[in-house]
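Colleague: Okay, so here is entry-v4.txt, and as you'll see once you scroll down, it has compact mmCIF, C-alpha atoms.
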# COMPACT_ATOMS: atom_id res chain seq x y z
CA MET A 24 50.61 285.83 12.77
CA THR A 25 47.42 286.42 14.73
CA THR A 26 45.17 283.59 15.91
CA PHE A 27 42.72 284.53 13.16
CA GLU A 28 45.41 284.41 10.49
CA LYS A 29 46.60 280.96 11.59
CA ILE A 30 43.03 279.64 11.65
CA GLN A 31 42.33 281.27 8.30
CA GLU A 32 45.36 279.52 6.83
CA ILE A 33 44.18 276.11 8.15
CA ILE A 34 40.67 276.60 6.74
CA VAL A 35 41.98 277.79 3.36
CA ASP A 36 44.22 274.72 3.18
CA GLN A 37 41.56 272.21 4.29
CA LEU A 38 38.72 273.49 2.14
CA ASP A 39 40.74 274.68 -0.88
CA LYS A 40 39.34 278.21 -0.59
CA GLU A 41 40.81 281.67 -1.23
CA GLU A 42 41.85 283.77 1.78
CA SER A 43 39.30 286.39 0.78
CA GLU A 44 36.51 283.84 1.18
CA VAL A 45 37.45 283.11 4.79
CA GLN A 46 36.68 286.12 7.00
CA ARG A 47 35.73 286.32 10.68
CA SER A 48 32.02 286.50 9.93
CA THR A 49 32.08 283.62 7.42
CA ASN A 50 29.63 280.79 8.18
CA PHE A 51 31.15 277.30 7.81
CA ARG A 52 28.13 275.42 6.56
CA GLU A 53 26.33 278.08 4.55
CA GLU A 54 29.17 280.06 2.99
CA LEU A 55 32.02 277.54 2.92
CA GLU A 56 29.76 274.50 2.40
CA ALA A 57 31.74 272.64 5.05
CA ASP A 58 30.19 269.49 6.49
CA SER A 59 30.91 267.78 9.81
CA LEU A 60 33.96 265.91 8.49
CA ASP A 61 35.45 269.16 7.16
CA LEU A 62 34.94 270.70 10.60
CA PHE A 63 36.58 267.68 12.29
CA GLN A 64 39.62 268.10 10.06
CA ILE A 65 39.84 271.83 10.69
CA ILE A 66 39.44 271.30 14.44
CA ASN A 67 42.06 268.56 14.36
CA ASP A 68 44.59 270.82 12.61
CA ILE A 69 43.82 273.67 15.03
CA GLU A 70 44.33 271.35 18.01
CA ASP A 71 47.76 270.42 16.64
CA GLU A 72 48.72 273.98 15.71
CA PHE A 73 47.77 275.56 19.06
CA ASP A 74 48.29 272.49 21.26
CA ILE A 75 44.78 272.79 22.71
CA LYS A 76 41.75 270.49 22.95
CA ILE A 77 38.42 271.41 21.35
CA GLU A 78 35.83 269.19 23.03
CA SER A 79 32.90 269.72 20.69
CA GLU A 80 32.17 271.37 17.38
CA GLU A 81 28.74 272.44 18.64
CA GLY A 82 28.28 276.20 18.67
CA LEU A 83 31.08 276.72 16.16
CA THR A 84 29.03 278.24 13.35
CA THR A 85 31.31 280.97 12.07
CA VAL A 86 35.06 281.49 11.80
CA ASP A 87 34.74 284.08 14.58
CA ASP A 88 33.22 281.45 16.93
CA LEU A 89 36.28 279.31 16.36
CA VAL A 90 38.76 282.18 16.82
CA LYS A 91 37.11 283.19 20.10
CA TYR A 92 37.03 279.59 21.33
CA VAL A 93 40.74 279.17 20.61
CA GLU A 94 41.61 282.52 22.22
CA THR A 95 39.73 281.54 25.39
CA GLN A 96 41.55 278.21 25.50
CA LEU A 97 44.92 279.93 25.02
CA GLU A 98 44.24 282.35 27.88
CA ALA A 99 43.18 279.56 30.23
CA MET B 3 63.10 225.63 13.02
CA ASN B 4 63.69 227.71 9.92
CA ASN B 5 65.40 230.79 11.29
CA LEU B 6 66.71 231.87 7.91
CA ALA B 7 63.44 231.26 6.10
CA LYS B 8 61.94 234.00 3.95
CA ILE B 9 58.24 234.71 3.58
CA ARG B 10 56.47 235.92 0.49
CA ILE B 11 52.91 236.51 -0.63
CA LEU B 12 52.22 233.84 -3.21
CA SER B 13 48.64 234.51 -4.26
CA THR B 14 45.49 236.49 -3.49
CA GLY B 15 41.76 235.91 -3.80
CA ARG B 16 38.38 237.32 -2.83
CA TYR B 17 34.72 236.47 -2.70
CA ILE B 18 31.96 239.05 -2.65
CA PRO B 19 28.28 238.20 -2.11
CA LYS B 20 26.20 238.74 -5.24
CA ARG B 21 23.59 241.19 -3.98
CA ARG B 22 24.61 244.79 -4.64
CA VAL B 23 22.80 247.52 -2.71
CA LEU B 24 23.04 251.06 -4.06
CA ASN B 25 22.73 254.08 -1.75
CA GLN B 26 19.37 254.79 -3.37
CA GLU B 27 17.98 251.47 -2.09
CA LEU B 28 18.98 252.37 1.47
CA THR B 29 16.70 255.40 1.28
CA GLU B 30 13.78 252.95 1.18
CA TRP B 31 14.87 251.54 4.56
CA MET B 32 16.02 254.67 6.39
CA ASP B 33 16.12 258.45 6.23
CA THR B 34 19.30 259.04 4.22
CA SER B 35 20.31 260.11 0.71
CA ASP B 36 22.71 259.06 -2.03
CA ASP B 37 24.25 262.54 -2.01
CA TRP B 38 24.80 262.58 1.79
CA ILE B 39 26.50 259.16 1.79
CA LYS B 40 28.63 259.87 -1.29
CA LYS B 41 29.81 263.26 -0.10
CA ARG B 42 30.79 262.14 3.40
CA THR B 43 32.16 258.68 2.69
CA GLY B 44 32.74 258.18 -1.05
CA ILE B 45 30.53 255.06 -0.85
CA GLN B 46 28.16 254.42 -3.78
CA SER B 47 27.20 250.82 -3.13
CA ARG B 48 27.94 247.80 -0.94
CA TYR B 49 27.32 244.06 -1.27
CA LEU B 50 25.19 242.34 1.37
CA SER B 51 24.84 238.69 2.21
CA THR B 52 21.44 237.20 1.42
CA GLY B 53 22.16 234.31 3.78
CA GLU B 54 25.78 233.33 3.27
CA GLU B 55 27.68 233.30 6.54
CA THR B 56 31.17 234.68 7.15
CA SER B 57 32.58 231.14 6.82
CA ASP B 58 30.87 230.75 3.43
CA LEU B 59 32.46 233.95 2.13
CA CYS B 60 35.85 232.96 3.59
CA SER B 61 35.70 229.40 2.22
CA LYS B 62 34.90 230.66 -1.28
CA ALA B 63 37.74 233.20 -1.07
CA ALA B 64 40.02 230.40 0.22
CA ASP B 65 39.23 228.23 -2.83
CA LYS B 66 40.41 231.04 -5.11
CA ILE B 67 43.53 231.82 -3.07
CA VAL B 68 44.54 228.14 -3.04
CA SER B 69 43.87 227.65 -6.74
CA ASN B 70 45.53 230.96 -7.76
CA GLY B 71 48.63 229.88 -5.86
CA GLY B 72 48.59 226.29 -7.13
CA VAL B 73 49.03 225.12 -3.56
CA ARG B 74 48.46 221.57 -2.28
CA VAL B 75 46.15 221.87 0.72
CA GLU B 76 48.35 219.38 2.63
CA ASP B 77 51.12 222.00 2.58
CA ILE B 78 49.04 224.57 4.47
CA GLY B 79 50.21 224.59 8.09
CA LEU B 80 48.26 227.60 9.31
CA ILE B 81 44.91 229.30 8.65
CA ILE B 82 44.09 232.59 10.34
CA VAL B 83 40.79 234.35 9.69
CA ALA B 84 40.54 237.95 10.83
CA THR B 85 36.92 238.75 11.58
CA MET B 86 34.69 240.68 13.97
CA SER B 87 31.54 239.01 12.62
CA PRO B 88 32.15 235.25 12.93
CA ASP B 89 29.34 232.72 12.41
CA SER B 90 29.85 231.67 16.03
CA GLN B 91 32.36 232.00 18.85
CA SER B 92 32.98 228.29 18.43
CA PRO B 93 33.73 226.72 16.08
CA SER B 94 35.88 229.48 14.62
CA VAL B 95 35.48 230.60 11.01
CA ALA B 96 39.04 229.38 10.40
CA SER B 97 38.08 225.87 11.58
CA LYS B 98 35.23 225.84 9.07
CA VAL B 99 37.57 227.01 6.30
CA GLN B 100 40.02 224.27 7.25
CA ALA B 101 37.24 221.68 7.01
CA HIS B 102 36.03 223.10 3.70
CA LEU B 103 39.51 222.92 2.19
CA GLY B 104 40.40 219.59 3.77
CA ALA B 105 43.60 221.26 4.97
CA VAL B 106 44.26 218.51 7.51
CA ASN B 107 47.72 219.77 8.50
CA ALA B 108 46.64 223.34 9.24
CA VAL B 109 46.30 224.88 12.69
CA ALA B 110 43.29 227.18 12.35
CA PHE B 111 42.01 230.03 14.49
CA ASP B 112 40.24 233.39 14.26
CA LEU B 113 41.82 236.66 15.24
CA ASN B 114 39.80 239.72 16.17
CA ALA B 115 41.32 243.17 15.87
CA ALA B 116 38.21 244.68 14.25
CA CYS B 117 39.06 246.57 11.03
CA SER B 118 42.80 246.15 11.71
CA GLY B 119 42.35 242.38 11.84
CA PHE B 120 43.93 241.51 8.50
CA ILE B 121 47.10 243.50 9.27
CA TYR B 122 47.41 241.85 12.68
CA ALA B 123 46.74 238.41 11.16
CA LEU B 124 49.27 238.91 8.37
CA SER B 125 51.89 240.00 10.90
CA ALA B 126 51.16 237.00 13.16
CA ALA B 127 51.08 234.49 10.29
CA GLU B 128 54.34 235.76 8.82
CA LYS B 129 56.12 235.19 12.14
CA MET B 130 54.54 231.79 12.86
CA LEU B 131 55.21 230.44 9.38
CA ARG B 132 58.96 231.08 9.73
CA HIS B 133 59.02 228.42 12.46
CA MET B 134 56.53 225.85 11.17
CA SER B 135 57.14 222.53 9.49
CA HIS B 136 54.64 223.16 6.70
CA SER B 137 55.38 225.66 3.95
CA HIS B 138 52.18 227.68 3.52
CA ALA B 139 49.86 229.87 5.59
CA LEU B 140 46.43 231.12 4.55
CA VAL B 141 45.43 234.55 5.90
CA ILE B 142 41.87 235.74 5.30
CA GLY B 143 39.85 238.79 6.32
CA GLY B 144 36.13 238.07 6.10
CA GLU B 145 33.04 239.83 7.39
CA VAL B 146 29.29 239.85 7.27
CA MET B 147 29.09 243.32 8.78
CA SER B 148 25.43 243.57 7.77
CA LYS B 149 24.55 241.32 10.71
CA VAL B 150 26.39 243.36 13.35
CA VAL B 151 25.30 246.86 12.32
CA ASP B 152 22.15 248.42 13.72
CA TRP B 153 19.83 248.88 10.73
CA ASN B 154 17.96 251.53 12.73
CA ASP B 155 21.11 253.67 13.02
CA ARG B 156 21.53 255.52 9.74
CA LYS B 157 24.88 257.00 10.82
CA THR B 158 26.57 253.58 10.82
CA ALA B 159 24.35 251.25 8.76
CA VAL B 160 25.16 253.05 5.50
CA LEU B 161 28.91 252.60 5.98
CA PHE B 162 29.45 248.85 6.01
CA GLY B 163 29.42 245.98 3.55
CA ASP B 164 30.11 242.23 3.40
CA GLY B 165 32.94 240.34 1.73
CA ALA B 166 36.10 238.29 2.15
CA GLY B 167 39.61 238.35 0.77
CA GLY B 168 42.98 236.92 1.61
CA VAL B 169 46.48 235.86 0.69
CA MET B 170 48.61 232.72 0.73
CA LEU B 171 52.01 233.08 2.35
CA GLU B 172 54.84 230.81 1.30
CA ARG B 173 58.05 230.11 3.15
CA ASN B 174 60.95 229.97 0.72
CA SER B 175 64.68 230.48 0.55
CA ASP B 176 65.12 233.54 -1.66
CA THR B 177 62.30 236.11 -1.55
CA GLU B 178 61.36 238.15 1.50
CA HIS B 179 58.30 240.41 1.22
CA PHE B 180 58.01 241.58 4.84
CA ILE B 181 60.31 244.49 5.62
CA SER B 182 59.03 246.40 8.63
CA GLU B 183 55.93 246.97 10.75
CA ASP B 184 54.29 249.06 13.43
CA LEU B 185 51.32 247.54 15.30
CA LYS B 186 49.56 249.47 18.06
CA THR B 187 46.63 249.15 20.47
CA ASP B 188 45.06 251.72 22.78
CA GLY B 189 42.44 250.02 24.93
CA THR B 190 41.73 253.19 26.89
CA ARG B 191 39.73 254.49 23.92
CA GLY B 192 37.98 251.20 23.17
CA GLU B 193 34.49 252.53 23.85
CA ALA B 194 34.67 254.62 20.65
CA LEU B 195 33.66 251.53 18.65
CA VAL B 196 31.79 248.68 20.31
CA SER B 197 30.30 245.66 18.57
CA GLY B 198 28.92 242.31 19.70
CA LEU B 199 28.58 243.33 23.34
CA SER B 200 27.78 240.22 25.33
CA THR B 201 26.74 240.94 28.90
CA VAL B 202 26.42 238.61 31.86
CA SER B 203 23.16 236.68 31.78
CA ASN B 204 22.99 233.92 34.37
CA PRO B 205 20.41 232.99 37.03
CA ILE B 206 22.08 235.10 39.74
CA PHE B 207 22.58 238.22 37.61
CA GLU B 208 19.80 240.76 38.05
CA GLY B 209 20.91 243.53 35.70
CA GLU B 210 19.77 244.17 32.17
CA THR B 211 21.16 242.39 29.15
CA ALA B 212 22.46 244.79 26.49
CA ASN B 213 22.06 244.46 22.74
CA GLY B 214 25.17 243.81 20.74
CA PHE B 215 24.84 245.97 17.66
CA LEU B 216 27.74 248.10 16.51
CA THR B 217 28.00 251.61 17.92
CA MET B 218 30.58 254.16 16.87
CA ASP B 219 31.65 257.63 17.97
CA GLY B 220 32.38 259.01 14.52
CA ARG B 221 34.35 262.06 15.57
CA GLU B 222 36.50 260.12 18.06
CA ILE B 223 37.35 257.52 15.39
CA PHE B 224 38.00 260.15 12.75
CA ASN B 225 40.34 262.07 15.07
CA PHE B 226 42.10 258.88 16.11
CA VAL B 227 42.70 257.86 12.51
CA ILE B 228 43.93 261.17 11.14
CA LYS B 229 46.37 261.51 14.04
CA SER B 230 47.58 257.91 14.44
CA ILE B 231 47.74 256.58 10.88
CA PRO B 232 50.04 259.27 9.40
CA MET B 233 52.30 258.80 12.44
CA SER B 234 52.32 255.01 12.04
CA ILE B 235 53.08 255.22 8.31
CA GLN B 236 55.84 257.74 8.93
CA SER B 237 57.44 255.63 11.66
CA VAL B 238 57.57 252.55 9.39
CA MET B 239 59.11 254.60 6.57
CA ALA B 240 61.60 256.27 8.93
CA ASP B 241 62.61 252.85 10.28
CA GLN B 242 63.84 252.01 6.76
CA LYS B 243 65.02 255.57 5.98
CA LEU B 244 62.35 255.92 3.29
CA THR B 245 60.14 258.83 2.25
CA VAL B 246 56.74 258.84 0.51
CA ASP B 247 58.62 259.09 -2.81
CA ASP B 248 60.07 255.61 -2.22
CA ILE B 249 56.64 254.00 -1.69
CA ASP B 250 54.75 252.82 -4.77
CA GLN B 251 51.30 252.33 -3.24
CA PHE B 252 49.57 253.02 0.06
CA ILE B 253 46.90 250.38 0.62
CA LEU B 254 44.74 251.69 3.43
CA HIS B 255 41.76 250.15 5.16
CA GLN B 256 38.77 251.30 3.12
CA ALA B 257 36.63 252.94 5.79
CA ASN B 258 35.93 256.31 4.26
CA ALA B 259 37.35 258.03 1.17
CA ARG B 260 37.57 261.30 3.08
CA ILE B 261 39.77 259.69 5.74
CA ILE B 262 42.11 258.33 3.06
CA GLU B 263 42.28 261.77 1.40
CA SER B 264 43.03 263.31 4.76
CA VAL B 265 45.88 260.85 5.42
CA SER B 266 47.35 261.52 1.97
CA LYS B 267 47.30 265.24 2.71
CA LYS B 268 48.89 264.80 6.14
CA ILE B 269 51.82 262.76 4.87
CA LYS B 270 52.07 265.01 1.80
CA CYS B 271 51.71 262.24 -0.74
CA PRO B 272 49.56 262.48 -3.89
CA ILE B 273 46.20 260.73 -3.60
CA GLU B 274 47.00 258.82 -6.82
CA LYS B 275 49.23 256.53 -4.75
CA PHE B 276 46.23 255.47 -2.63
CA PRO B 277 44.16 252.92 -4.58
CA MET B 278 40.53 252.86 -3.46
CA ASN B 279 37.53 250.60 -3.95
CA ILE B 280 35.34 251.85 -1.11
CA GLN B 281 32.93 253.32 -3.66
CA HIS B 282 31.89 249.77 -4.64
CA TYR B 283 32.09 247.82 -1.37
CA GLY B 284 31.67 250.24 1.56
CA ASN B 285 33.65 249.43 4.69
CA THR B 286 34.17 245.66 4.79
CA SER B 287 36.25 245.86 7.99
CA ALA B 288 38.98 243.20 8.09
CA ALA B 289 38.19 242.21 4.50
CA SER B 290 38.85 245.60 2.90
CA ILE B 291 42.63 245.40 2.45
CA PRO B 292 42.77 241.82 1.08
CA ILE B 293 39.87 242.55 -1.31
CA LEU B 294 41.79 245.58 -2.59
CA LEU B 295 45.02 243.54 -2.85
CA ASP B 296 43.23 240.94 -4.98
CA GLU B 297 41.78 243.62 -7.26
CA LEU B 298 45.22 245.17 -7.72
CA ASN B 299 46.60 241.72 -8.46
CA GLU B 300 43.91 241.20 -11.09
CA GLN B 301 44.90 244.50 -12.70
CA ASN B 302 48.58 243.37 -12.70
CA LYS B 303 49.46 246.11 -10.24
CA LEU B 304 50.70 243.86 -7.43
CA PHE B 305 53.32 241.41 -8.66
CA THR B 306 55.07 243.59 -11.22
CA ASP B 307 58.45 243.12 -12.92
CA LYS B 308 59.88 245.97 -10.90
CA LYS B 309 60.07 245.52 -7.12
CA GLN B 310 57.32 247.55 -5.46
CA LYS B 311 57.29 248.96 -1.98
CA LEU B 312 53.81 248.81 -0.47
CA ILE B 313 52.48 250.29 2.73
CA LEU B 314 49.48 248.44 4.17
CA SER B 315 47.78 250.35 6.95
CA ALA B 316 44.58 249.70 8.89
CA PHE B 317 42.74 251.07 11.90
CA GLY B 318 39.70 250.07 13.87
CA GLY B 319 37.97 249.14 17.08
CA GLY B 320 40.07 248.32 20.11
CA LEU B 321 41.36 250.80 19.32
CA THR B 322 43.81 248.99 17.07
CA TRP B 323 45.96 250.16 14.22
CA GLY B 324 48.94 248.95 12.29
CA THR B 325 51.16 249.45 9.28
CA LEU B 326 53.21 246.92 7.32
CA LEU B 327 55.91 247.76 4.82
CA LEU B 328 56.16 245.11 2.11
CA GLU B 329 58.53 244.79 -0.81
CA ILE B 330 56.78 242.76 -3.47
CA ASN B 331 57.80 241.31 -6.79
What do you get writing this file as structure tokens?

Modeller:
Amino acid sequence: MTTFEKIQEIIVDQLDKEESEVQRSTNFREELEADSLDLFQIINDIEDEFDIKIESEEGLTTVDDLVKYVETQLEA
Amino acid sequence: MNNLAKIRILSTGRYIPKRRVLNQELTEWMDTSDDWIKKRTGIQSRYLSTGEETSDLCSKAADKIVSNGGVRVEDIGLIIVATMSPDSQSPSVASKVQAHLGAVNAVAFDLNAACSGFIYALSAAEKMLRHMSHSHALVIGGEVMSKVVDWNDRKTAVLFGDGAGGVMLERNSDTEHFISEDLKTDGTRGEALVSGLSTVSNPIFEGETANGFLTMDGREIFNFVIKSIPMSIQSVMADQKLTVDDIDQFILHQANARIIESVSKKIKCPIEKFPMNIQHYGNTSAASIPILLDELNEQNKLFTDKKQKLILSAFGGGLTWGTLLLEIN
């Protein structure tokens, strides 16, 4: 599974969405109607899944932002 | 000493101030909306004191607990009030409740573990009562949170409400309700929720005095809860070799409906097993679990013919958290 696929799975599970609705360019707030608590939960699950720490949700507007953030953390 | 004594919950009771405040009314006082509050917290209304102090709420709840249990006040050997919003540091709220009841044989003191207070108090009372000469202990969670929140901070002011609830414990020879527990504290993260800050102010101190309103780092608390509470619940169940299927009801501190939903998802247990009343009361801190227990009792969902296994779990400032496993009939 790629990083994107794992993150996609977490988002689909947290927000009760279809996989097709969660693409790299998808915007959390506008397209998925996710609020700050939804983002906290997604970030929390991602932290557990990848064993990383995401300090702030600021700047994480799209799924792609999150994937890139996680990839950078994993490379560090 | 009564080393073989058993402890059971004999009765419950609550008192809620009369004045109900809907989300809509808050919009007259601050920039918020019914939809925003409901969607993020599940809260639709809360009850606020129009002048009654924490000891008034607790004393009125105590009257009901005593009368529901048919207890002689002389038999009460212990009164613990869990609160983070006492009338005063001294006398304690528990002392005032003792005076109100005329419970002359009771040792009375307050216990502060913020929103986890009732769980801590119940755990402490259960252990003390096993070794006391009197047969009953009164455990109350009571708060006037409306006096500790900052009414200029819309992120926290909308969350809290006032109220009191509690239980009477009875030492007896045949029924044990307390099975297992897990109580935890992590003081290193205490700054995530601060309330009632009281700084040095004496003639030789030259610094500034800080205000004591409640402040909360919402994300830090949310993360703490959705990591620690599932773990705490699972450890208590594992201790007794139980799974979520063996538990009849999960009675969680009513801080936020979304947090409770998140916990139910994490431990893979249907949300139907998590009774909630946060929609009516908001977060009443240490009072939330005993208020919910009393409502369940009123609906005949607490002392049922069949033995029920209950998980009580709370979390709050400190940081503190804790889970009790009870078997009730």

Colleague: Show me a table, sorted first by chain and then by increasing residue number, of the residues of chain A having an atom at most 12 Å from chain B, each with its shortest atom pair and the distance in Å to one decimal, counting only C-alpha atoms and written as a tab-separated table.

Modeller:
residue	atom	partner	partner_atom	distance
A:Asp36	CA	B:Lys267	CA	10.0
A:Gln37	CA	B:Ser264	CA	9.0
A:Leu38	CA	B:Ser264	CA	11.4
A:Glu56	CA	B:Lys41	CA	11.5
A:Ala57	CA	B:Arg42	CA	10.7
A:Asp58	CA	B:Arg42	CA	8.0
A:Ser59	CA	B:Arg42	CA	8.5
A:Leu60	CA	B:Arg42	CA	7.1
A:Asp61	CA	B:Arg260	CA	9.1
A:Leu62	CA	B:Arg221	CA	10.0
A:Phe63	CA	B:Arg221	CA	6.9
A:Gln64	CA	B:Asn225	CA	7.9
A:Ile65	CA	B:Asn225	CA	10.7
A:Ile66	CA	B:Asn225	CA	9.3
A:Asn67	CA	B:Asn225	CA	6.8
A:Asp68	CA	B:Lys229	CA	9.6
A:Glu70	CA	B:Asn225	CA	10.5
A:Asp71	CA	B:Lys229	CA	9.4
A:Lys76	CA	B:Asn225	CA	11.6
A:Ile77	CA	B:Asn225	CA	11.4
A:Glu78	CA	B:Glu222	CA	10.4
A:Ser79	CA	B:Arg221	CA	9.3
A:Glu80	CA	B:Arg221	CA	9.7

Colleague: Which one is closest to Ala108 in chain B: B:Glu76, B:Glu178, B:Asp89, B:Asp241? Count only C-alpha atoms.

Modeller: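 Of B:Glu76, B:Glu178, B:Asp89, B:Asp241, the one nearest Ala108 in chain B is B:Glu76, counting only C-alpha atoms.
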
Colleague: Calculate how many Å separate CA of Pro277 in chain B from CA of Asn114 in chain B, rounding to one decimal.

Modeller: 25.0 Å

Colleague: Which one of A:Glu32, A:Glu41, A:Glu54, A:Phe27 sits closest to Asp88 in chain A if you count all atoms listed in the file?

Modeller: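 Among A:Glu32, A:Glu41, A:Glu54, A:Phe27, it is A:Phe27 that comes nearest to Asp88 in chain A.
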
Colleague: Once you add 6 Å to each side, what are the centre and edge lengths of the axis-aligned box holding all listed atoms of range 250-257 of chain B? One decimal in Å, as lines of an AutoDock Vina configuration file, if you can.

Modeller:
center_x = 45.7
center_y = 251.6
center_z = 0.5
size_x = 30.1
size_y = 14.9
size_z = 22.6
